[in-house]
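Asks: Please find one structure pasted underneath; my questions will follow.
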Amino acid sequence: MEEQKPRAARKSRLIVRLGSFLVSHSAFVSVICCVAGCIALLLLPVLAKNTYVSENALMPGSANPMFSNQDVLEANRFVKDIYEKRILKDGSGMEIARLIGKHMKDVGAEVYYHKFKYHNLRFHPLCFFSSTPRTAVLQNSSACILNGVSPVGIIRAPRGDGKESVVLVTPYNSENIKLNEALSLGLAYSVFSLLSRVVWLAKDIVWLAADSRYGEYTSVASWLKDYHNPVFSSDYGKIGIDMCFEKTENHVEDESSFDGAAYDDFKRAGTMAAALVVKVMDKERSERDRVDIYAEASNGQMPNLDLINIVHYLAVHRQGLHVRVGTFGFLLNSALLKHVGKTLQRLTRLAESLNPGWKLGVNSADFVEGTATLASSMYYQALGVPTGPHGAFRDFQIDAITMELTPRTSLTNNNGISSFLLRGGRLIEGVIRSVNNLLEKFHQSFFLYFLTAPNKFVSVGVYMIAFALLVAPLPIVAAALFSSTANARSSTAISNSKPTNSKPVTRSGSWNWLHSAKLVFLVHLWALIVSLLPYLISQVPHTNSTTSMLSWSLSSLLILYLLTRLTKSYVEGYQWEVLKSVMIAAASIGLSLMSIINFSTAQVGSILLVPMCLMVRPLKQPVQASFFLAALLKILNILLAVVAFPPASLAILKGCLRGFESINIGDFWEWSEFLWVWNSATYLFVALVHLPCWYLCVHILLHN
């Protein structure tokens, strides 16, 4: 014990010395960390690794596909039947749901109809971080056209115990179904029919034909809510259903297929192992049939990477499909990014010539494409809004993705579409077969990652380095500012004390930071009120985004003025250095907390906040440097204050994506409304962390 005490004392002294060194050299440490963080962020596409299937039980492509041309003919007949029902003008949506349910029953599936009611999405301050879906259970209603009806079929696995299932979702607009949606239903039906005949199935198969007349997400989220929150009512399925499926002269022959048992209750199939949302799209043509993968869910959640890996492997190596993920097109044409890529390529070639053992292999084109894909992945995760109906599954901790299948030919080309349906059906069959092999939930691969290509990813252990380097200077600079001001006060107090005074010098000045803390608290209180104002503004009828944004801005300024006047004497007596220290500490806490909720939001926020917080100083404060450096510092402070203003940041981003001529005053209101409707934590970060820090930085800039 006596030997361990000196060792612990030496260790503690070493930590104290390291802390003192960092605080005393805070400016140098800040520059090094920020530069290193930016370089690490820029090199993420270079550090990306190839994807691989971590779970051996998945065994993608280990079995020959059973989906054949006969199934393609079955899909084409189903599409033809749907288009015949589409000719009916009155109640065509119900007739299509009726037809889908009939075909489900014909293959031996258990069928029921899920009915939901659409509710307008409105801002409410208590909705954040709640698990309440954005739809409500249907109450007694006699207006069928106001509600959606989604046919659901369940195939019970011959080798299963009913405790696990795989979900297949095909959204379609029941009021105005298009050819690509009919093809989606036909493709899903042919796969569903095949799975009803196989003997290797160990998990139940659920096919949800989601009525997307009110949005794809709405119907899926409503069904999931009812699936996981049972409604114990014998009249659940019968409410208004009889009226929806009224017998008409044109459909008397189907009467026997739609008895009350088909919609008497809500049937379930056990825990969902995974979900696939399948959509056939009519987008721009390419040389090969294409699959676009969308994986981002709410608040930056992502499915297990193995689910994307098996889709990519089967699509590329088994079906010869081209796989894409989201990419920012404007970055692909960026001259600056291409120049950086060429520079990195030259540097890596030089390094390989010096040491042939270094296999860096950086390619300029791959770097540009990887950066554009990484920026898209980071942006949509930071936005916190699902990129498709698969996001509803992730809210219940179910791994799901959306696959958009696009043929290389026109949708009316029968030969091209038949080949396309054959490949798409075999892809879906292969994915379901791999998930069917799982003995437990997805857990082997990553849940926290960025995609730089369909077959390349950056794991959390790599991309968190850039964030840590950017945020590390904040507490160091805060401690350095507080220490320097405390030492200055002590020196001033000692120099002003009289020699004849025998009383010790009081250290009450060390509590002066409370004045700055009061101001920081007041600004955050103002930001909290500002974040709740949209709830009141949205109640005003007949307003557009421009008037709402102007009302929001004027009311925020008025509240700030009133709070400042009422609390003027309460927050007096602060120094700008101490105020900057407290503000930096608050920003550091906010970024750290946000990194737990949504890492991408914290990463993007740190890029804007950290340079502004570290560099800010009063414009009237003299700088002990040359005229050029002093002017450059002031220009950078003003530029950072303008760029970091949330509406200005959004305007710059929209200008890069869609052109600066598309910018409108109400854009920020629409963007904020989009975030709060989807319960995105990014809205809280912008309102409660970013906005207060920006205002305090402007306050310091204008300090006398």
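Chain lettering (A, B, ...) mirrors the order of the structure tokens, residue numbering begins at 1 for each chain separately, and ligand numbering begins at 1 in order of display.
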For the interface of stretch 48-110 of chain A with stretch 441-444 of chain A (cut-off 12 Å, counting only C-alpha atoms), please tabulate each contacting residue of stretch 48-110 of chain A alongside its nearest pair of atoms and their separation in Å to one decimal, rows sorted by chain and increasing number, as CSV.
Replies:
```
residue,atom,partner,partner_atom,distance
A:Tyr52,CA,A:Gln444,CA,11.0
A:Val53,CA,A:Gln444,CA,8.9
A:Ser54,CA,A:Gln444,CA,5.7
A:Glu55,CA,A:Gln444,CA,5.7
A:Asn56,CA,A:Gln444,CA,9.2
A:Ala57,CA,A:Phe442,CA,10.4
A:Leu58,CA,A:Phe442,CA,9.8
```
Asks: Emit the selected residues as a PDB file, in the first residue's frame, including N, CA and C atoms.
Replies:
```
ATOM      1  N   TYR A  52     -18.697  -6.320 -45.809  1.00  0.00           N
ATOM      2  CA  TYR A  52     -18.602  -7.774 -45.754  1.00  0.00           C
ATOM      3  C   TYR A  52     -19.741  -8.287 -44.891  1.00  0.00           C
ATOM      4  N   VAL A  53     -20.167  -9.498 -45.146  1.00  0.00           N
ATOM      5  CA  VAL A  53     -21.249 -10.114 -44.382  1.00  0.00           C
ATOM      6  C   VAL A  53     -20.664 -10.685 -43.100  1.00  0.00           C
ATOM      7  N   SER A  54     -21.056 -10.123 -41.973  1.00  0.00           N
ATOM      8  CA  SER A  54     -20.499 -10.550 -40.687  1.00  0.00           C
ATOM      9  C   SER A  54     -21.177 -11.808 -40.158  1.00  0.00           C
ATOM     10  N   GLU A  55     -22.487 -11.919 -40.368  1.00  0.00           N
ATOM     11  CA  GLU A  55     -23.233 -13.058 -39.845  1.00  0.00           C
ATOM     12  C   GLU A  55     -23.132 -14.230 -40.822  1.00  0.00           C
ATOM     13  N   ASN A  56     -22.434 -15.285 -40.408  1.00  0.00           N
ATOM     14  CA  ASN A  56     -22.231 -16.436 -41.292  1.00  0.00           C
ATOM     15  C   ASN A  56     -23.529 -17.166 -41.600  1.00  0.00           C
ATOM     16  N   ALA A  57     -24.508 -17.086 -40.706  1.00  0.00           N
ATOM     17  CA  ALA A  57     -25.753 -17.817 -40.914  1.00  0.00           C
ATOM     18  C   ALA A  57     -26.562 -17.275 -42.090  1.00  0.00           C
ATOM     19  N   LEU A  58     -26.286 -16.048 -42.523  1.00  0.00           N
ATOM     20  CA  LEU A  58     -27.062 -15.472 -43.625  1.00  0.00           C
ATOM     21  C   LEU A  58     -26.838 -16.234 -44.934  1.00  0.00           C
TER      22      LEU A  58
END
```
Asks: Just the residues within 12 Å of A:Ser434, please, counting only C-alpha atoms, with nothing from its chain fewer than 5 positions along; format it as JSON, numbers by chain.
Replies: {"A": [53, 55, 56, 57, 58, 59, 60, 61, 62, 63, 65, 166, 200, 201, 202, 203, 273, 274, 306, 307, 308, 309, 310, 311, 313, 314, 427, 428, 429, 439, 442]}
Asks: Measuring between only C-alpha atoms, which one of A:Gln319, A:Gln381, A:Thr348, A:Ser196 shows the shortest distance to A:Gly153?
Replies: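 Of A:Gln319, A:Gln381, A:Thr348, A:Ser196, the one nearest A:Gly153, counting only C-alpha atoms, is A:Ser196.
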Asks: Hey, which of A:Ser419, A:Ser219, A:Ser595, A:Ser212 ends up closest to A:Gly320? Count only C-alpha atoms.
Replies: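 Of all the options, A:Ser419 lies closest to A:Gly320.
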Asks: Could you check which of A:Leu609, A:Ala351, A:Trp207, A:Leu550 is closest to A:Asn637, using only C-alpha atoms?
Replies: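 Closest residue, counting only C-alpha atoms: A:Leu609.
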Asks: Looking only at alpha helix (DSSP H) from DSSP on the backbone, list the matching residues of stretch 147-368 of chain A as an MDAnalysis selection string.
Replies: chainID A and resid 179:195 216:228 241:244 305:317 329:332 335:354 364:368
Asks: From the options A:Ala375, A:Val31, A:Leu195, A:Ala297, which residue's atoms come nearest to A:Pro158, counting only C-alpha atoms?
Replies: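 Checking each candidate against A:Pro158, we get A:Leu195 as the closest.
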Asks: Could you tell me which of A:Leu657, A:Leu614, A:Ala480, A:Ile635 comes closest to A:Cys34 if we count only C-alpha atoms?
Replies: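 Under the stated criterion, the closest residue is A:Leu614.
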Asks: Provide the atom CA of A:Phe457 to atom CA of A:Leu43 distance in Å, to one decimal place.
Replies: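 Computing it gives 12.8 Å between the two atoms.
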Asks: Closest to A:Leu469 among A:Val35, A:Leu632, A:Arg17, A:Thr547, using only C-alpha atoms?
Replies: A:Val35
Asks: Residues near A:Val107, anyone? I mean within 10 Å using only C-alpha atoms, not counting same-chain ones fewer than 4 positions away, as a ChimeraX atom specification.
Replies: /A:102-103,153,155,189,192-197
Asks: Need to verify the contact set: A:Val323, 6 Å, only C-alpha atoms, exclusion of same-chain residues closer than 2 positions in sequence. Can you return it as a list in words?
Replies: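 My reading of the contact set: Arg290, Val291 and Asp292 of chain A.
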Asks: For those residues, write C-alpha atoms to a file as a JSON list (two decimals), in the first residue's frame.
Replies:
```json
[["chain", "number", "residue", "atom", "x", "y", "z"],
["A", 290, "ARG", "CA", -30.82, -0.62, -61.09],
["A", 291, "VAL", "CA", -31.51, -0.90, -57.36],
["A", 292, "ASP", "CA", -31.51, 2.22, -55.17]]
```
Asks: If we count only C-alpha atoms and set the cut-off at 8 Å, which residues sit around A:Ile82, ignoring sequence neighbours fewer than 2 positions away in its own chain? Please answer as a short mmCIF file (atom, residue, chain, number, x, y, z; two decimals) with C-alpha atoms, in the first residue's frame.
Replies:
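So the final result, stored in part_5.cif, reads:
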```cif
data_model
loop_
_atom_site.label_atom_id
_atom_site.label_comp_id
_atom_site.auth_asym_id
_atom_site.auth_seq_id
_atom_site.Cartn_x
_atom_site.Cartn_y
_atom_site.Cartn_z
CA PHE A 78 -51.85 -9.80 -61.64
CA VAL A 79 -50.81 -6.41 -63.06
CA LYS A 80 -53.37 -6.83 -65.86
CA GLU A 84 -58.84 -3.70 -65.28
CA LYS A 85 -60.07 -2.67 -61.82
CA ARG A 86 -58.47 0.73 -62.31
CA ILE A 96 -58.08 -2.99 -55.85
CA LEU A 99 -58.59 -7.93 -55.58
CA ALA A 182 -49.03 -2.08 -60.21
#
```
Asks: Give me the residues near A:Ala602 as a ChimeraX atom specification, where near means some atom within 8 Å (using only C-alpha atoms) and where sequence neighbours in that chain fewer than 5 positions away do not count.
Replies: /A:382,591-592,594-595
Asks: Only C-alpha atoms, please: the residues just picked out, written as a PDB file, in the first residue's frame.
Replies:
```
ATOM      1  CA  ALA A 382     -28.365  14.538 -39.463  1.00  0.00           C
ATOM      2  CA  LEU A 591     -22.654  18.895 -28.729  1.00  0.00           C
ATOM      3  CA  SER A 592     -21.697  15.997 -26.465  1.00  0.00           C
ATOM      4  CA  MET A 594     -26.406  15.538 -29.196  1.00  0.00           C
ATOM      5  CA  SER A 595     -23.731  13.049 -30.232  1.00  0.00           C
TER       6      SER A 595
END
```
